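This is structure-v5.cif. It holds mmCIF, C-alpha atoms (C1' of nucleotides).
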data_input
loop_
_atom_site.label_atom_id
_atom_site.label_comp_id
_atom_site.auth_asym_id
_atom_site.auth_seq_id
_atom_site.Cartn_x
_atom_site.Cartn_y
_atom_site.Cartn_z
CA MET T 25 -6.36 -7.32 -16.00
CA SER T 26 -4.99 -6.17 -12.67
CA SER T 27 -4.87 -2.52 -13.67
CA ASP T 28 -3.11 -1.65 -10.43
CA GLY T 29 -6.21 0.01 -9.11
CA MET T 30 -7.04 -3.61 -8.43
CA LEU T 31 -4.06 -4.06 -6.13
CA ASP T 32 -5.18 -0.95 -4.35
CA ARG T 33 -8.63 -2.35 -3.75
CA ALA T 34 -7.25 -5.70 -2.69
CA LEU T 35 -4.79 -4.21 -0.22
CA HIS T 36 -7.45 -1.97 1.20
CA ALA T 37 -9.71 -4.96 1.63
CA ILE T 38 -6.99 -7.02 3.25
CA ALA T 39 -5.91 -4.26 5.60
CA ASP T 40 -9.00 -4.71 7.75
CA PRO T 41 -8.67 -7.44 10.41
CA THR T 42 -12.34 -8.36 10.24
CA ARG T 43 -12.11 -9.00 6.52
CA ARG T 44 -9.00 -11.11 7.01
CA ARG T 45 -10.93 -13.14 9.54
CA ILE T 46 -13.71 -13.59 7.01
CA LEU T 47 -11.20 -14.89 4.48
CA GLN T 48 -9.93 -17.28 7.13
CA VAL T 49 -13.41 -18.50 7.97
CA LEU T 50 -14.06 -19.09 4.27
CA LYS T 51 -11.18 -21.53 4.29
CA GLU T 52 -13.01 -24.00 6.48
CA ARG T 53 -15.43 -26.38 4.90
CA GLY T 54 -18.90 -24.95 5.33
CA ALA T 55 -20.71 -26.79 8.09
CA ASP T 56 -23.34 -29.16 6.81
CA ALA T 57 -25.97 -26.48 7.09
CA LYS T 58 -29.66 -26.81 7.63
CA ALA T 59 -31.53 -29.58 5.90
CA GLY T 60 -32.72 -28.92 2.41
CA THR T 61 -29.96 -26.50 1.44
CA GLU T 62 -27.48 -27.73 -1.10
CA LYS T 63 -24.13 -26.07 -1.37
CA PRO T 64 -23.71 -25.35 -5.03
CA VAL T 65 -19.99 -25.77 -5.54
CA HIS T 66 -17.16 -27.90 -4.32
CA GLY T 67 -14.65 -26.47 -1.88
CA PRO T 68 -15.21 -24.33 1.16
CA CYS T 69 -18.32 -22.27 0.72
CA LEU T 70 -20.49 -20.36 3.18
CA CYS T 71 -23.57 -18.20 2.94
CA GLY T 72 -23.96 -14.83 4.60
CA GLY T 73 -25.80 -16.11 7.65
CA GLU T 74 -23.12 -18.69 8.40
CA ILE T 75 -20.41 -16.06 8.17
CA GLU T 76 -22.39 -13.71 10.38
CA GLN T 77 -22.74 -16.46 12.93
CA ARG T 78 -19.00 -17.15 12.96
CA ILE T 79 -17.76 -13.56 12.88
CA ARG T 80 -20.29 -12.26 15.37
CA LEU T 81 -21.10 -8.96 13.75
CA SER T 82 -24.41 -7.55 12.59
CA GLN T 83 -25.89 -8.72 9.30
CA PRO T 84 -25.51 -5.34 7.53
CA THR T 85 -21.87 -5.18 8.57
CA ILE T 86 -21.17 -8.62 7.14
CA SER T 87 -22.99 -7.69 3.95
CA HIS T 88 -20.86 -4.56 3.72
CA HIS T 89 -17.60 -6.49 4.13
CA MET T 90 -18.64 -9.13 1.64
CA ALA T 91 -19.34 -6.42 -0.92
CA ILE T 92 -15.86 -4.99 -0.44
CA LEU T 93 -14.20 -8.40 -0.65
CA THR T 94 -16.21 -9.27 -3.75
CA LYS T 95 -15.50 -5.97 -5.45
CA ALA T 96 -11.82 -6.52 -4.75
CA GLY T 97 -12.10 -9.89 -6.47
CA LEU T 98 -10.91 -11.82 -3.44
CA VAL T 99 -14.15 -13.76 -3.04
CA GLU T 100 -16.81 -14.81 -5.49
CA ALA T 101 -20.51 -15.19 -4.83
CA THR T 102 -23.11 -17.34 -6.54
CA LYS T 103 -26.73 -16.65 -5.83
CA GLN T 104 -29.04 -19.59 -5.41
CA GLY T 105 -32.56 -19.07 -4.18
CA GLN T 106 -32.52 -16.76 -1.23
CA TRP T 107 -28.92 -17.52 -0.41
CA ARG T 108 -25.64 -16.21 -1.65
CA TRP T 109 -22.80 -18.67 -1.40
CA TYR T 110 -19.40 -17.10 -0.95
CA ARG T 111 -16.11 -18.74 -1.69
CA ARG T 112 -12.52 -17.57 -1.85
CA ASN T 113 -10.99 -16.72 -5.20
CA GLU T 114 -7.73 -18.51 -4.54
CA ARG T 115 -6.20 -17.40 -7.78
CA ALA T 116 -6.84 -13.72 -7.07
CA ILE T 117 -5.51 -14.09 -3.53
CA ARG T 118 -2.34 -15.72 -4.76
CA GLU T 119 -2.05 -13.00 -7.38
CA VAL T 120 -2.14 -10.30 -4.70
CA VAL T 121 0.70 -11.89 -2.75
CA LYS T 122 2.71 -12.34 -5.92
CA SER T 123 2.08 -8.81 -7.11
CA LEU T 124 3.07 -7.56 -3.70
CA ARG T 125 6.37 -9.38 -3.82
CA GLY T 126 7.16 -7.59 -7.05
CA LYS T 127 5.81 -4.12 -6.41
CA LEU T 128 6.78 -3.63 -2.81
CA MET B 30 8.20 -11.19 17.86
CA SER B 31 5.74 -10.54 15.08
CA SER B 32 2.89 -10.52 17.57
CA ASP B 33 0.34 -10.28 14.78
CA GLY B 34 -0.42 -6.73 15.76
CA MET B 35 2.72 -6.23 13.73
CA LEU B 36 1.14 -7.67 10.59
CA ASP B 37 -1.77 -5.34 11.21
CA ARG B 38 0.48 -2.32 11.34
CA ALA B 39 2.41 -3.44 8.28
CA LEU B 40 -0.70 -4.04 6.21
CA HIS B 41 -2.15 -0.73 7.24
CA ALA B 42 1.09 0.95 6.25
CA ILE B 43 1.22 -0.80 2.93
CA ALA B 44 -2.42 -0.14 2.10
CA ASP B 45 -1.70 3.51 1.40
CA PRO B 46 -0.48 4.26 -2.15
CA THR B 47 1.69 7.15 -1.04
CA ARG B 48 3.54 4.94 1.41
CA ARG B 49 4.03 2.29 -1.25
CA ARG B 50 5.50 4.98 -3.46
CA ILE B 51 7.86 5.96 -0.65
CA LEU B 52 9.00 2.35 -0.35
CA GLN B 53 9.59 2.34 -4.11
CA VAL B 54 11.57 5.55 -3.98
CA LEU B 55 13.69 4.12 -1.19
CA LYS B 56 14.74 1.37 -3.56
CA GLU B 57 16.71 3.74 -5.76
CA ARG B 58 20.20 4.63 -4.77
CA GLY B 59 20.09 7.97 -3.00
CA ALA B 60 21.35 10.71 -5.27
CA ASP B 61 24.80 11.92 -4.42
CA ALA B 62 23.37 14.61 -2.19
CA LYS B 63 24.73 17.98 -1.31
CA ALA B 64 28.42 18.39 -0.65
CA GLY B 65 29.57 17.66 2.85
CA THR B 66 26.87 15.13 3.68
CA GLU B 67 27.97 11.56 4.02
CA LYS B 68 25.43 8.82 3.70
CA PRO B 69 26.01 6.66 6.72
CA VAL B 70 25.23 3.21 5.41
CA HIS B 71 25.59 1.19 2.28
CA GLY B 72 22.57 0.51 0.11
CA PRO B 73 19.78 2.82 -0.92
CA CYS B 74 19.28 5.50 1.66
CA LEU B 75 17.52 8.85 1.59
CA CYS B 76 16.85 11.61 4.07
CA GLY B 77 13.49 13.23 4.64
CA GLY B 78 14.13 16.21 2.39
CA GLU B 79 15.07 13.99 -0.52
CA ILE B 80 11.94 11.93 -0.12
CA GLU B 81 9.81 15.04 0.14
CA GLN B 82 11.36 16.30 -3.05
CA ARG B 83 10.56 13.07 -4.90
CA ILE B 84 7.09 12.43 -3.54
CA ARG B 85 5.97 16.03 -3.76
CA LEU B 86 4.05 16.30 -0.53
CA SER B 87 4.47 18.67 2.37
CA GLN B 88 7.21 18.06 4.91
CA PRO B 89 4.83 17.26 7.79
CA THR B 90 3.01 14.75 5.63
CA ILE B 91 6.23 12.98 4.71
CA SER B 92 7.28 12.97 8.34
CA HIS B 93 3.93 11.45 9.25
CA HIS B 94 4.25 8.68 6.68
CA MET B 95 7.82 7.93 7.68
CA ALA B 96 6.71 7.54 11.29
CA ILE B 97 4.06 5.03 10.25
CA LEU B 98 6.46 3.08 8.05
CA THR B 99 9.09 3.07 10.78
CA LYS B 100 6.66 2.01 13.47
CA ALA B 101 5.55 -0.82 11.21
CA GLY B 102 9.19 -1.89 10.94
CA LEU B 103 9.26 -1.59 7.16
CA VAL B 104 11.92 1.11 7.15
CA GLU B 105 14.70 1.94 9.55
CA ALA B 106 16.09 5.36 10.33
CA THR B 107 19.51 6.37 11.58
CA LYS B 108 19.93 9.85 12.87
CA GLN B 109 23.08 11.72 11.99
CA GLY B 110 23.40 15.39 12.71
CA GLN B 111 20.29 17.19 11.61
CA TRP B 112 19.40 14.51 9.15
CA ARG B 113 17.57 11.22 9.43
CA TRP B 114 18.59 8.64 6.86
CA TYR B 115 15.87 6.20 5.94
CA ARG B 116 16.36 2.83 4.38
CA ARG B 117 14.13 -0.14 3.68
CA ASN B 118 14.13 -3.06 6.07
CA GLU B 119 14.22 -5.71 3.38
CA ARG B 120 13.94 -8.53 5.86
CA ALA B 121 10.78 -7.14 7.42
CA ILE B 122 9.27 -6.49 4.01
CA ARG B 123 9.95 -10.04 2.89
CA GLU B 124 8.53 -11.23 6.19
CA VAL B 125 5.26 -9.43 5.54
CA VAL B 126 4.81 -11.04 2.16
CA LYS B 127 5.66 -14.43 3.59
CA SER B 128 3.36 -13.98 6.56
CA LEU B 129 0.63 -12.92 4.18
CA ARG B 130 1.00 -16.03 2.09
CA GLY B 131 0.43 -18.08 5.24
CA LYS B 132 -2.25 -16.14 7.03
CA LEU B 133 -4.40 -15.04 4.13
"C1'" DT I 27 -52.22 -14.33 -0.78
"C1'" DC I 28 -49.65 -13.67 3.46
"C1'" DC I 29 -45.74 -14.88 6.32
"C1'" DT I 30 -40.98 -16.04 7.03
"C1'" DT I 31 -36.30 -15.96 5.94
"C1'" DA I 32 -31.79 -14.09 3.57
"C1'" DG I 33 -29.71 -10.44 2.13
"C1'" DA I 34 -29.09 -5.55 0.38
"C1'" DT I 35 -29.74 -0.65 1.20
"C1'" DT I 36 -30.21 3.50 3.89
"C1'" DG I 37 -29.09 6.80 7.49
"C1'" DA I 38 -26.59 7.87 11.28
"C1'" DC I 39 -22.67 8.13 14.28
"C1'" DA I 40 -18.07 8.04 16.27
"C1'" DA I 41 -13.52 7.10 15.01
"C1'" DC I 42 -9.89 7.40 12.03
"C1'" DC I 43 -6.99 9.00 7.97
"C1'" DG I 44 -4.28 11.97 4.77
"C1'" DT I 45 -3.07 16.40 4.13
"C1'" DC I 46 -1.66 21.01 5.16
"C1'" DG I 47 0.05 25.52 7.57
"C1'" DA I 48 2.04 27.04 11.69
"C1'" DT I 49 4.86 26.18 15.39
"C1'" DT I 50 8.34 23.86 17.97
"C1'" DT I 51 12.46 21.05 18.73
"C1'" DC I 52 16.93 19.71 17.62
"C1'" DC I 53 21.46 20.31 15.66
"C1'" DG I 54 25.67 22.36 13.58
"C1'" DC I 55 28.10 26.43 12.68
"C1'" DG I 56 29.76 31.25 13.05
"C1'" DC R 10 25.09 33.27 22.15
"C1'" DG R 11 22.09 33.54 17.89
"C1'" DC R 12 21.15 32.05 13.21
"C1'" DG R 13 19.60 28.70 9.65
"C1'" DG R 14 18.31 24.34 8.15
"C1'" DA R 15 16.02 19.59 9.06
"C1'" DA R 16 12.65 17.22 11.06
"C1'" DA R 17 8.90 16.46 14.65
"C1'" DT R 18 4.69 18.03 16.68
"C1'" DC R 19 0.28 20.54 16.94
"C1'" DG R 20 -4.32 21.97 15.34
"C1'" DA R 21 -7.47 21.82 11.99
"C1'" DC R 22 -10.00 20.42 7.95
"C1'" DG R 23 -12.62 17.33 4.71
"C1'" DG R 24 -13.12 12.71 3.50
"C1'" DT R 25 -13.39 7.89 4.58
"C1'" DT R 26 -14.34 3.85 7.46
"C1'" DG R 27 -16.56 0.29 10.53
"C1'" DT R 28 -20.50 -0.49 12.88
"C1'" DC R 29 -25.39 -0.70 13.98
"C1'" DA R 30 -30.74 -0.24 13.91
"C1'" DA R 31 -34.30 0.29 10.79
"C1'" DT R 32 -36.10 -0.46 6.45
"C1'" DC R 33 -36.60 -2.48 1.97
"C1'" DT R 34 -36.25 -6.29 -1.66
"C1'" DA R 35 -36.52 -10.77 -3.16
"C1'" DA R 36 -37.55 -15.60 -2.88
"C1'" DG R 37 -40.13 -19.85 -0.91
"C1'" DG R 38 -43.56 -22.18 1.31
"C1'" DA R 39 -48.24 -22.37 3.74
#
Written as structure tokens, how would this file's structure read?
Amino acid sequence: MSSDGMLDRALHAIADPTRRRILQVLKERGADAKAGTEKPVHGPCLCGGEIEQRIRLSQPTISHHMAILTKAGLVEATKQGQWRWYRRNERAIREVVKSLRGKL
Amino acid sequence: MSSDGMLDRALHAIADPTRRRILQVLKERGADAKAGTEKPVHGPCLCGGEIEQRIRLSQPTISHHMAILTKAGLVEATKQGQWRWYRRNERAIREVVKSLRGKL
DNA sequence: TCCTTAGATTGACAACCGTCGATTTCCGCG
DNA sequence: CGCGGAAATCGACGGTTGTCAATCTAAGGA
């Protein structure tokens, strides 16, 4: 699984303060959002626009960071209609910390 | 103490594979070195030349990485004669992992 | 069908990073 | 003093990164 190139990607992702802030923001319960939108899963879950609004960076920048976090396996995204709902992959995050404790 | 800019520096340091390899190499007991040189402390401990020889990168590059690791607090250096003996700061390293588990 | 909204993609830019060769600084020893 | 070895610093180079404005794609609703 974690072929070690995975740790590399995860550490690189985590090394950026903006991306750490995104992970933090994803911890909060997603605000109750606009009417008519149903959050698809249980647990904290935000769509791109909500993240953009909280982090205060341009939409392409957020999209870029979300791609990196997703590719590193630290967050997962489920597409529903025009939205993409992001949520933390708690298992992967814990795995990074654990792997770090061993390999450092 | 760990003003959070410290975590930033540590994560940046750790994000580089070469620097992780240096931390690994510093785990081994320093080879018994050339005659006449006394390693100043107990525990694994290498000087710049030894690290360079193991990591196989140019001397300025090693020096550069050691500065980053030292500034991040992950390794400590004691100067003795013309040599600088590097050793891991185990406490700081453990602190990073712990801090990561909380702040991630 | 057209318009609006969410998000991805592109292109550009300045800043930074890892690496190296060359040079400089520091230190111990004749 | 001058020499030789260890390490820091300098200057440069290609590659990467974070950010944004502009554009494009996709999905819904009138």
Selection in question (the file shown): the PyMOL selection byres ((chain B) within 10 of (chain R)). Which residues does it include, as a PDB file with C-alpha atoms, keeping the file's coordinate frame?
ATOM      1  CA  CYS B  76      16.850  11.610   4.070  1.00  0.00           C
ATOM      2  CA  GLY B  77      13.490  13.230   4.640  1.00  0.00           C
ATOM      3  CA  GLY B  78      14.130  16.210   2.390  1.00  0.00           C
ATOM      4  CA  GLN B  88       7.210  18.060   4.910  1.00  0.00           C
ATOM      5  CA  PRO B  89       4.830  17.260   7.790  1.00  0.00           C
ATOM      6  CA  ILE B  91       6.230  12.980   4.710  1.00  0.00           C
ATOM      7  CA  SER B  92       7.280  12.970   8.340  1.00  0.00           C
ATOM      8  CA  HIS B  93       3.930  11.450   9.250  1.00  0.00           C
ATOM      9  CA  ALA B  96       6.710   7.540  11.290  1.00  0.00           C
ATOM     10  CA  GLY B 110      23.400  15.390  12.710  1.00  0.00           C
ATOM     11  CA  GLN B 111      20.290  17.190  11.610  1.00  0.00           C
ATOM     12  CA  TRP B 112      19.400  14.510   9.150  1.00  0.00           C
ATOM     13  CA  ARG B 113      17.570  11.220   9.430  1.00  0.00           C
TER      14      ARG B 113
END
With a distance threshold of 12 Å and counting only C-alpha atoms, extract the residues of chain B near chain T and express them as a ChimeraX atom specification.
/B:33-56,103,117-119,121-133
Assuming the chain letters and numbering stay as they are in my file, what does the PyMOL selection byres ((chain I) within 8 of (chain B)) actually select? List them as a ChimeraX atom specification.
/I:44-46,52-54
Give the centre and edge lengths of an axis-aligned box, in Å to one decimal, that holds all listed atoms of region 36-47 of chain B with 8 Å on each side, as lines of an AutoDock Vina configuration file.
center_x = 0.0
center_y = -0.3
center_z = 4.6
size_x = 20.8
size_y = 30.8
size_z = 29.5
